[in-house]
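Student: Just passing along the structure, written as structure tokens.
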Amino acid sequence: MQKRRLGRTDLSIAPLVLGGNVFGWTADEATSLDLLDRFADAGLNAIDTADVYSRWAPGNKGGESETIIGKWMKSRGNRDKIVVVTKVGSDMGQGKKDLSAAYIEKAVDASLKRLQTDVIDLYLSHWPDPATPYEETLGAYEKLIAKGKIRYAGCSNLDASQLRAALNVASLRSLPRYEVLQPEYNLYDRSSFDGPLRDLCMAEDIGVITYFSLAKGFLSGKYRGKADLGQSARGEDVGSYLNDRGMRILAALDAVSARHSAKPAEVALAWVIARPGVTAPIASATKASQMDSLIKAVSLKLSADDIAALDRASA
């Protein structure tokens, strides 16, 4: 499988990143291990998770996803073949988002322990933390890189002005910069990345891995009306997409899917994979058939007419 370089880093990843947000939540441990095996057997190599996954599920405290991924890598002996992406800064019980140096120093060790590894390939600031200066956060990452605990730092959920400010601080203070951005981006939710943020990432050669790449499952096509929202634990999050624009996008996905004998989710992911400035979308699966579909999306090549039709529908 053709790999893509992640920005200026020396990390090369397949054009699709496996989302670990479902591990320990809507996918139990046994199912998660099977999904990870299928993912690796197909030649995919990057996994995205976070320390907070999946703290929101009843009975969970956070760290469940990292723990499952760590068990899998340890038992399979494949750590050297996997690009591990995890995130820090979400509320893990401290009552706030926190990117302070003191917090990061503790949090990284907890993630390393759960992942059963001595280094994290890509460590992301999960959310902006207005209370902590960029200089402090980037300084903490500089120390972690020097200690060999992380290879590269990145960020999630920054807008163009925030990312520009962080890059300026890194340059001015000779600190490691954010090399990768993780924004929300899909065929429906385009406005926050398309435009100044994408332009900045392309100009600065920043790698981009997108989350909610299937719009919380809406772009799979299984949610066509309010009666469909009870199909999964995430269904209640999809209601906002059930409008005229959403139906127009689904109709375009159906038409392109029919031409390629593909599923709407595969087409929606192939569209993101083909977008300028995007290194790879993140997508998750909770059963084998969904994983097989994610794998098919990587090899699906859309024509210029396909892309134009999808762009018109999502305008």
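Just remember, in the structure tokens the first chain shown is A, the second B, etc., residues are 1-based per chain, and ligands are 1-based in the order shown.
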For the strand (DSSP E) assignment from backbone DSSP, which residues of segment 59-298 of chain A qualify? Please present them as a PyMOL selection string.
Tutor: chain A and resi 83-88+120-125+150-156+180-182+207-210+280-283
Student: Mind writing the picked residues with N, CA, C and O atoms as a short mmCIF file (atom, residue, chain, number, x, y, z; two decimals), in the first residue's frame?
Tutor:
data_model
loop_
_atom_site.label_atom_id
_atom_site.label_comp_id
_atom_site.auth_asym_id
_atom_site.auth_seq_id
_atom_site.Cartn_x
_atom_site.Cartn_y
_atom_site.Cartn_z
N VAL A 83 2.28 3.23 13.59
CA VAL A 83 2.41 4.65 13.94
C VAL A 83 1.32 4.97 14.95
O VAL A 83 0.12 4.91 14.63
N VAL A 84 1.73 5.26 16.17
CA VAL A 84 0.79 5.51 17.27
C VAL A 84 0.58 7.00 17.45
O VAL A 84 1.53 7.76 17.67
N VAL A 85 -0.68 7.42 17.36
CA VAL A 85 -1.06 8.82 17.57
C VAL A 85 -1.97 8.86 18.79
O VAL A 85 -3.00 8.17 18.83
N THR A 86 -1.62 9.63 19.79
CA THR A 86 -2.53 9.83 20.92
C THR A 86 -2.53 11.30 21.32
O THR A 86 -1.71 12.09 20.83
N LYS A 87 -3.47 11.63 22.19
CA LYS A 87 -3.71 13.04 22.49
C LYS A 87 -3.77 13.29 23.99
O LYS A 87 -4.10 12.39 24.76
N VAL A 88 -3.49 14.53 24.37
CA VAL A 88 -3.44 14.94 25.77
C VAL A 88 -4.17 16.27 25.93
O VAL A 88 -4.25 17.06 24.98
N ILE A 120 5.85 7.53 21.97
CA ILE A 120 4.65 7.84 21.19
C ILE A 120 5.09 8.55 19.91
O ILE A 120 5.85 9.52 19.97
N ASP A 121 4.66 8.05 18.77
CA ASP A 121 5.11 8.62 17.49
C ASP A 121 4.62 10.05 17.30
O ASP A 121 5.38 10.92 16.85
N LEU A 122 3.36 10.29 17.62
CA LEU A 122 2.78 11.62 17.42
C LEU A 122 1.87 11.93 18.60
O LEU A 122 0.89 11.23 18.84
N TYR A 123 2.20 13.00 19.32
CA TYR A 123 1.48 13.39 20.54
C TYR A 123 0.78 14.71 20.26
O TYR A 123 1.44 15.73 19.99
N LEU A 124 -0.54 14.72 20.35
CA LEU A 124 -1.31 15.90 19.98
C LEU A 124 -1.92 16.61 21.17
O LEU A 124 -2.45 15.96 22.08
N SER A 125 -1.89 17.94 21.13
CA SER A 125 -2.69 18.75 22.04
C SER A 125 -4.14 18.61 21.61
O SER A 125 -4.50 19.02 20.50
N ILE A 150 8.37 11.08 23.10
CA ILE A 150 7.54 11.31 21.90
C ILE A 150 8.47 11.65 20.74
O ILE A 150 9.60 12.11 20.94
N ARG A 151 8.00 11.39 19.53
CA ARG A 151 8.80 11.74 18.35
C ARG A 151 8.41 13.12 17.82
O ARG A 151 9.28 13.92 17.49
N TYR A 152 7.12 13.36 17.71
CA TYR A 152 6.65 14.64 17.16
C TYR A 152 5.43 15.11 17.93
O TYR A 152 4.69 14.31 18.51
N ALA A 153 5.21 16.43 17.90
CA ALA A 153 4.03 17.04 18.51
C ALA A 153 3.10 17.55 17.43
O ALA A 153 3.53 17.95 16.34
N GLY A 154 1.83 17.54 17.75
CA GLY A 154 0.84 18.08 16.84
C GLY A 154 -0.32 18.65 17.64
O GLY A 154 -0.25 18.75 18.87
N CYS A 155 -1.39 19.02 16.95
CA CYS A 155 -2.52 19.64 17.64
C CYS A 155 -3.82 19.24 16.97
O CYS A 155 -3.85 18.81 15.82
N SER A 156 -4.88 19.40 17.71
CA SER A 156 -6.23 19.15 17.21
C SER A 156 -7.11 20.32 17.57
O SER A 156 -6.92 20.97 18.61
N VAL A 180 1.60 18.37 12.85
CA VAL A 180 0.39 17.73 12.33
C VAL A 180 -0.84 18.39 12.96
O VAL A 180 -0.83 18.74 14.14
N LEU A 181 -1.87 18.56 12.15
CA LEU A 181 -3.15 19.08 12.63
C LEU A 181 -4.22 18.00 12.46
O LEU A 181 -4.25 17.30 11.46
N GLN A 182 -5.08 17.91 13.47
CA GLN A 182 -6.23 17.01 13.37
C GLN A 182 -7.51 17.85 13.46
O GLN A 182 -7.95 18.20 14.56
N GLY A 207 1.18 18.11 8.24
CA GLY A 207 0.36 16.94 7.96
C GLY A 207 -1.04 17.13 8.52
O GLY A 207 -1.23 17.79 9.54
N VAL A 208 -2.02 16.55 7.85
CA VAL A 208 -3.42 16.70 8.28
C VAL A 208 -4.10 15.34 8.31
O VAL A 208 -4.15 14.62 7.30
N ILE A 209 -4.58 14.95 9.50
CA ILE A 209 -5.41 13.75 9.62
C ILE A 209 -6.76 14.20 10.18
O ILE A 209 -6.83 14.82 11.23
N THR A 210 -7.82 13.93 9.45
CA THR A 210 -9.14 14.49 9.76
C THR A 210 -9.95 13.56 10.64
O THR A 210 -9.92 12.34 10.48
N ALA A 280 -4.57 12.01 5.45
CA ALA A 280 -5.42 10.84 5.60
C ALA A 280 -6.60 11.15 6.51
O ALA A 280 -6.45 11.89 7.49
N PRO A 281 -7.77 10.58 6.21
CA PRO A 281 -8.88 10.68 7.15
C PRO A 281 -8.76 9.62 8.25
O PRO A 281 -8.12 8.58 8.04
N ILE A 282 -9.35 9.89 9.39
CA ILE A 282 -9.48 8.92 10.46
C ILE A 282 -10.90 8.35 10.38
O ILE A 282 -11.86 9.10 10.20
N ALA A 283 -11.02 7.05 10.50
CA ALA A 283 -12.34 6.42 10.54
C ALA A 283 -12.28 5.21 11.45
O ALA A 283 -11.25 4.55 11.55
#
Student: Using only C-alpha atoms, determine which residues lie at most 12 Å from Asp244 of chain A, disregarding the query and same-chain residues fewer than 6 positions distant; provide the list as a PyMOL selection string.
Tutor: chain A and resi 188+224-225+250-251+313-315
Student: I'd like the contact shell of Ala160 of chain A - 7 Å cut-off, only C-alpha atoms, skipping same-chain residues fewer than 4 positions apart - returned as an NGL selection string.
Tutor: :A and (164 or 196-197 or 200)
Student: Can you write out the residues you just picked, keeping N, CA and C atoms, as a tab-separated table (two decimals), in the first residue's frame?
Tutor:
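Listing of result.tsv after writing:
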chain	number	residue	atom	x	y	z
A	164	ARG	N	-1.48	29.58	13.54
A	164	ARG	CA	-0.45	30.56	13.13
A	164	ARG	C	0.28	31.09	14.35
A	196	PRO	N	-8.69	29.32	4.95
A	196	PRO	CA	-7.43	29.76	5.58
A	196	PRO	C	-6.68	28.65	6.32
A	197	LEU	N	-7.38	27.74	6.99
A	197	LEU	CA	-6.69	26.71	7.76
A	197	LEU	C	-6.00	25.72	6.82
A	200	LEU	N	-2.98	27.41	5.22
A	200	LEU	CA	-1.85	27.50	6.15
A	200	LEU	C	-1.13	26.16	6.25
Student: Pick the closest to Ser192 of chain A from A:Phe218, A:Leu158, A:Tyr223, A:Thr279: which is it, counting only C-alpha atoms?
Tutor: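 Comparing A:Phe218, A:Leu158, A:Tyr223, A:Thr279 against Ser192 of chain A, the winner is A:Leu158.
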Student: Can you check which parts of segment 106-182 of chain A lie within 9 Å of segment 46-58 of chain A? Per residue, the shortest pair of atoms and distance in Å to one decimal, counting only C-alpha atoms, sorted by chain and number, as a tab-separated table.
Tutor:
residue	atom	partner	partner_atom	distance
A:Ala107	CA	A:Asp51	CA	8.0
A:Val108	CA	A:Asp51	CA	8.9
A:Ala110	CA	A:Asp51	CA	8.4
A:Ser111	CA	A:Asp51	CA	6.3
A:Leu124	CA	A:Ala50	CA	8.6
A:His126	CA	A:Ala50	CA	8.0
Student: Compile the contact shell of Ala27 of chain A as a list in words: residues with an atom at most 12 Å away, counting only C-alpha atoms, same-chain residues fewer than 2 positions apart removed.
Tutor: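 Once the adjacent positions are removed, what remains is Gly19, Gly20, Asn21, Val22, Phe23, Gly24, Trp25, Glu29, Ala30, Thr31, Ser32, Leu33, Asp34, Leu35, Leu36, Ser54, Ala57, Glu64, Ser65, Ile68, Ser232, Ala233, Ser284, Ala285, Thr286, Lys287, Ala288 and Gln290 of chain A.
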Student: Generate the output file for the selected residues, N, CA, C and O atoms, as a compact mmCIF listing (two decimals), in the first residue's frame.
Tutor:
# COMPACT_ATOMS: atom_id res chain seq x y z
N GLY A 19 -9.44 4.92 13.67
CA GLY A 19 -9.85 5.63 14.87
C GLY A 19 -10.08 4.68 16.03
O GLY A 19 -10.83 3.72 15.93
N GLY A 20 -9.43 4.98 17.16
CA GLY A 20 -9.54 4.12 18.33
C GLY A 20 -10.57 4.59 19.34
O GLY A 20 -10.63 4.06 20.45
N ASN A 21 -11.40 5.56 18.97
CA ASN A 21 -12.36 6.10 19.93
C ASN A 21 -13.42 5.08 20.34
O ASN A 21 -14.01 5.20 21.41
N VAL A 22 -13.65 4.06 19.53
CA VAL A 22 -14.69 3.08 19.84
C VAL A 22 -14.19 1.93 20.72
O VAL A 22 -14.99 1.19 21.29
N PHE A 23 -12.87 1.78 20.83
CA PHE A 23 -12.32 0.66 21.60
C PHE A 23 -12.64 0.82 23.08
O PHE A 23 -12.32 1.84 23.69
N GLY A 24 -13.25 -0.22 23.66
CA GLY A 24 -13.65 -0.13 25.05
C GLY A 24 -14.96 0.60 25.25
O GLY A 24 -15.37 0.86 26.39
N TRP A 25 -15.62 0.95 24.15
CA TRP A 25 -16.92 1.63 24.22
C TRP A 25 -17.92 0.82 23.40
O TRP A 25 -18.52 -0.12 23.92
N GLU A 29 -13.26 -5.47 24.06
CA GLU A 29 -11.85 -5.79 23.85
C GLU A 29 -11.64 -6.85 22.77
O GLU A 29 -10.80 -6.69 21.88
N ALA A 30 -12.40 -7.93 22.83
CA ALA A 30 -12.23 -9.01 21.85
C ALA A 30 -12.50 -8.52 20.43
O ALA A 30 -11.75 -8.82 19.49
N THR A 31 -13.58 -7.75 20.28
CA THR A 31 -13.91 -7.19 18.96
C THR A 31 -12.82 -6.23 18.49
O THR A 31 -12.41 -6.24 17.32
N SER A 32 -12.34 -5.40 19.41
CA SER A 32 -11.31 -4.42 19.07
C SER A 32 -10.03 -5.10 18.59
O SER A 32 -9.42 -4.67 17.60
N LEU A 33 -9.63 -6.17 19.25
CA LEU A 33 -8.42 -6.89 18.85
C LEU A 33 -8.58 -7.49 17.47
O LEU A 33 -7.64 -7.46 16.64
N ASP A 34 -9.76 -8.02 17.17
CA ASP A 34 -10.01 -8.57 15.84
C ASP A 34 -9.97 -7.48 14.77
O ASP A 34 -9.39 -7.66 13.69
N LEU A 35 -10.56 -6.34 15.08
CA LEU A 35 -10.55 -5.22 14.13
C LEU A 35 -9.13 -4.74 13.87
O LEU A 35 -8.76 -4.44 12.72
N LEU A 36 -8.33 -4.66 14.91
CA LEU A 36 -6.94 -4.24 14.76
C LEU A 36 -6.16 -5.23 13.91
O LEU A 36 -5.33 -4.82 13.08
N SER A 54 -12.30 5.83 26.50
CA SER A 54 -13.61 6.41 26.29
C SER A 54 -14.24 6.70 27.65
O SER A 54 -15.09 5.97 28.12
N ALA A 57 -18.15 6.73 28.50
CA ALA A 57 -18.99 5.53 28.58
C ALA A 57 -19.20 5.13 30.04
O ALA A 57 -18.27 5.21 30.85
N GLU A 64 -9.15 3.50 28.27
CA GLU A 64 -9.55 2.17 27.81
C GLU A 64 -9.04 1.87 26.41
O GLU A 64 -8.56 0.77 26.13
N SER A 65 -9.12 2.85 25.52
CA SER A 65 -8.67 2.64 24.15
C SER A 65 -7.16 2.42 24.09
O SER A 65 -6.68 1.48 23.45
N ILE A 68 -6.25 -1.11 25.29
CA ILE A 68 -6.51 -2.17 24.32
C ILE A 68 -5.46 -2.16 23.21
O ILE A 68 -4.95 -3.21 22.80
N SER A 232 -27.56 3.06 16.55
CA SER A 232 -26.29 2.93 17.25
C SER A 232 -26.22 3.90 18.41
O SER A 232 -27.06 4.82 18.53
N ALA A 233 -25.20 3.73 19.24
CA ALA A 233 -25.02 4.60 20.40
C ALA A 233 -24.72 6.03 19.98
O ALA A 233 -24.91 6.97 20.76
N SER A 284 -13.40 4.94 12.12
CA SER A 284 -13.45 3.82 13.06
C SER A 284 -14.45 2.78 12.60
O SER A 284 -15.30 3.04 11.73
N ALA A 285 -14.33 1.59 13.17
CA ALA A 285 -15.23 0.49 12.85
C ALA A 285 -15.56 -0.27 14.12
O ALA A 285 -14.74 -0.34 15.04
N THR A 286 -16.77 -0.83 14.18
CA THR A 286 -17.16 -1.62 15.34
C THR A 286 -17.45 -3.07 14.98
O THR A 286 -17.75 -3.87 15.86
N LYS A 287 -17.36 -3.41 13.70
CA LYS A 287 -17.55 -4.80 13.29
C LYS A 287 -16.74 -5.06 12.02
O LYS A 287 -16.31 -4.12 11.33
N ALA A 288 -16.54 -6.34 11.73
CA ALA A 288 -15.66 -6.74 10.64
C ALA A 288 -16.09 -6.18 9.30
O ALA A 288 -15.25 -5.73 8.50
N GLN A 290 -17.59 -3.42 8.64
CA GLN A 290 -17.22 -2.01 8.55
C GLN A 290 -15.73 -1.84 8.30
O GLN A 290 -15.32 -0.99 7.51
Student: Check the smallest atom-to-atom distance from each of A:Pro183, A:Gly95, A:Pro15, A:Gly139 to Ala170 of chain A using only C-alpha atoms, then report the winner.
Tutor: A:Gly139
Student: Would you give me, as a CSV table (one decimal) with N, CA and C atoms, in the first residue's frame, the residues in segment 1-54 of chain A that DSSP reads as alpha helix (DSSP H)?
Tutor:
chain,number,residue,atom,x,y,z
A,29,GLU,N,-13.3,-5.5,24.1
A,29,GLU,CA,-11.8,-5.8,23.8
A,29,GLU,C,-11.6,-6.9,22.8
A,30,ALA,N,-12.4,-7.9,22.8
A,30,ALA,CA,-12.2,-9.0,21.8
A,30,ALA,C,-12.5,-8.5,20.4
A,31,THR,N,-13.6,-7.8,20.3
A,31,THR,CA,-13.9,-7.2,19.0
A,31,THR,C,-12.8,-6.2,18.5
A,32,SER,N,-12.3,-5.4,19.4
A,32,SER,CA,-11.3,-4.4,19.1
A,32,SER,C,-10.0,-5.1,18.6
A,33,LEU,N,-9.6,-6.2,19.3
A,33,LEU,CA,-8.4,-6.9,18.9
A,33,LEU,C,-8.6,-7.5,17.5
A,34,ASP,N,-9.8,-8.0,17.2
A,34,ASP,CA,-10.0,-8.6,15.8
A,34,ASP,C,-10.0,-7.5,14.8
A,35,LEU,N,-10.6,-6.3,15.1
A,35,LEU,CA,-10.6,-5.2,14.1
A,35,LEU,C,-9.1,-4.7,13.9
A,36,LEU,N,-8.3,-4.7,14.9
A,36,LEU,CA,-6.9,-4.2,14.8
A,36,LEU,C,-6.2,-5.2,13.9
A,37,ASP,N,-6.4,-6.5,14.1
A,37,ASP,CA,-5.7,-7.5,13.2
A,37,ASP,C,-6.1,-7.3,11.8
A,38,ARG,N,-7.4,-7.1,11.5
A,38,ARG,CA,-7.8,-6.9,10.1
A,38,ARG,C,-7.2,-5.7,9.5
A,39,PHE,N,-7.1,-4.6,10.3
A,39,PHE,CA,-6.6,-3.4,9.9
A,39,PHE,C,-5.1,-3.6,9.5
A,40,ALA,N,-4.3,-4.2,10.3
A,40,ALA,CA,-2.9,-4.4,10.1
A,40,ALA,C,-2.7,-5.4,8.9
A,41,ASP,N,-3.5,-6.4,8.8
A,41,ASP,CA,-3.3,-7.4,7.8
A,41,ASP,C,-3.5,-6.8,6.4
Student: Do you know which residues are at most 12 Å from Gly43 of chain A counting only C-alpha atoms, after dropping those on the same chain fewer than 5 positions away, and could you put them as a ChimeraX atom specification?
Tutor: /A:1-3,13-18,36-38,81-82,295-296,298-299
Student: Go ahead and write the residues just picked, N, CA, C and O atoms, as an mmCIF file, in the first residue's frame.
Tutor:
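Final output, saved to again_20.cif:
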data_model
loop_
_atom_site.group_PDB
_atom_site.id
_atom_site.type_symbol
_atom_site.label_atom_id
_atom_site.label_comp_id
_atom_site.auth_asym_id
_atom_site.auth_seq_id
_atom_site.Cartn_x
_atom_site.Cartn_y
_atom_site.Cartn_z
ATOM 1 N N MET A 1 0.836 -1.194 0.000
ATOM 2 C CA MET A 1 0.000 0.000 0.000
ATOM 3 C C MET A 1 0.878 1.254 0.000
ATOM 4 O O MET A 1 1.820 1.349 0.765
ATOM 5 N N GLN A 2 0.549 2.185 -0.877
ATOM 6 C CA GLN A 2 1.321 3.414 -0.997
ATOM 7 C C GLN A 2 1.147 4.278 0.249
ATOM 8 O O GLN A 2 0.036 4.632 0.634
ATOM 9 N N LYS A 3 2.244 4.598 0.889
ATOM 10 C CA LYS A 3 2.202 5.414 2.100
ATOM 11 C C LYS A 3 2.337 6.895 1.748
ATOM 12 O O LYS A 3 2.836 7.265 0.686
ATOM 13 N N ILE A 13 2.464 7.095 6.549
ATOM 14 C CA ILE A 13 1.251 6.385 6.930
ATOM 15 C C ILE A 13 0.421 6.014 5.708
ATOM 16 O O ILE A 13 0.503 6.654 4.663
ATOM 17 N N ALA A 14 -0.383 4.976 5.867
ATOM 18 C CA ALA A 14 -1.351 4.622 4.833
ATOM 19 C C ALA A 14 -2.377 5.749 4.718
ATOM 20 O O ALA A 14 -2.523 6.555 5.649
ATOM 21 N N PRO A 15 -3.106 5.823 3.591
ATOM 22 C CA PRO A 15 -4.032 6.947 3.373
ATOM 23 C C PRO A 15 -5.286 6.917 4.229
ATOM 24 O O PRO A 15 -6.215 7.699 3.990
ATOM 25 N N LEU A 16 -5.352 6.018 5.204
ATOM 26 C CA LEU A 16 -6.467 5.991 6.130
ATOM 27 C C LEU A 16 -5.952 5.610 7.511
ATOM 28 O O LEU A 16 -5.163 4.670 7.644
ATOM 29 N N VAL A 17 -6.372 6.359 8.522
ATOM 30 C CA VAL A 17 -5.954 6.127 9.910
ATOM 31 C C VAL A 17 -7.120 5.494 10.663
ATOM 32 O O VAL A 17 -8.264 5.947 10.542
ATOM 33 N N LEU A 18 -6.828 4.464 11.438
ATOM 34 C CA LEU A 18 -7.880 3.798 12.198
ATOM 35 C C LEU A 18 -8.185 4.580 13.470
ATOM 36 O O LEU A 18 -7.291 4.859 14.269
ATOM 37 N N LEU A 36 -8.331 -4.663 14.913
ATOM 38 C CA LEU A 36 -6.939 -4.240 14.762
ATOM 39 C C LEU A 36 -6.157 -5.228 13.908
ATOM 40 O O LEU A 36 -5.328 -4.822 13.080
ATOM 41 N N ASP A 37 -6.411 -6.505 14.076
ATOM 42 C CA ASP A 37 -5.740 -7.518 13.240
ATOM 43 C C ASP A 37 -6.104 -7.322 11.772
ATOM 44 O O ASP A 37 -5.238 -7.377 10.885
ATOM 45 N N ARG A 38 -7.381 -7.125 11.497
ATOM 46 C CA ARG A 38 -7.829 -6.925 10.112
ATOM 47 C C ARG A 38 -7.200 -5.676 9.500
ATOM 48 O O ARG A 38 -6.790 -5.674 8.336
ATOM 49 N N LYS A 81 5.965 -1.558 13.592
ATOM 50 C CA LYS A 81 5.259 -1.400 12.324
ATOM 51 C C LYS A 81 4.079 -0.438 12.416
ATOM 52 O O LYS A 81 3.444 -0.143 11.404
ATOM 53 N N ILE A 82 3.799 0.030 13.626
ATOM 54 C CA ILE A 82 2.607 0.842 13.863
ATOM 55 C C ILE A 82 2.983 2.281 14.199
ATOM 56 O O ILE A 82 3.896 2.531 14.990
ATOM 57 N N ILE A 295 -11.175 -0.503 4.476
ATOM 58 C CA ILE A 295 -10.025 -0.953 3.685
ATOM 59 C C ILE A 295 -10.273 -0.734 2.196
ATOM 60 O O ILE A 295 -9.383 -0.288 1.461
ATOM 61 N N LYS A 296 -11.501 -0.997 1.747
ATOM 62 C CA LYS A 296 -11.843 -0.805 0.326
ATOM 63 C C LYS A 296 -11.759 0.671 -0.068
ATOM 64 O O LYS A 296 -11.415 1.000 -1.202
ATOM 65 N N VAL A 298 -9.645 2.834 0.644
ATOM 66 C CA VAL A 298 -8.279 3.277 0.347
ATOM 67 C C VAL A 298 -7.953 3.100 -1.136
ATOM 68 O O VAL A 298 -7.217 3.910 -1.722
ATOM 69 N N SER A 299 -8.491 2.068 -1.740
ATOM 70 C CA SER A 299 -8.166 1.789 -3.149
ATOM 71 C C SER A 299 -9.204 2.343 -4.122
ATOM 72 O O SER A 299 -9.061 2.175 -5.343
#
Student: Find the distance between atom CA of Arg312 of chain A and atom CA of Ile249 of chain A and write it in Å to one decimal.
Tutor: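 Atom CA of Ile249 of chain A lies 8.7 Å from atom CA of Arg312 of chain A.
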Student: For Phe212 of chain A, which residue among A:Asp189, A:Glu142, A:Asp237, A:Glu184 is the nearest when counting only C-alpha atoms?
Tutor: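 Using only C-alpha atoms, Phe212 of chain A sits closest to A:Glu184.
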Student: Please compute the atom CA of Leu112 of chain A-atom CA of Asp80 of chain A distance, one decimal, in Å.
Tutor: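 Between these atoms lies a distance of 14.8 Å.
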Student: One decimal, in Å: what's the spacing between atom CA of Val256 of chain A and atom CA of Ala215 of chain A?
Tutor: 17.9 Å
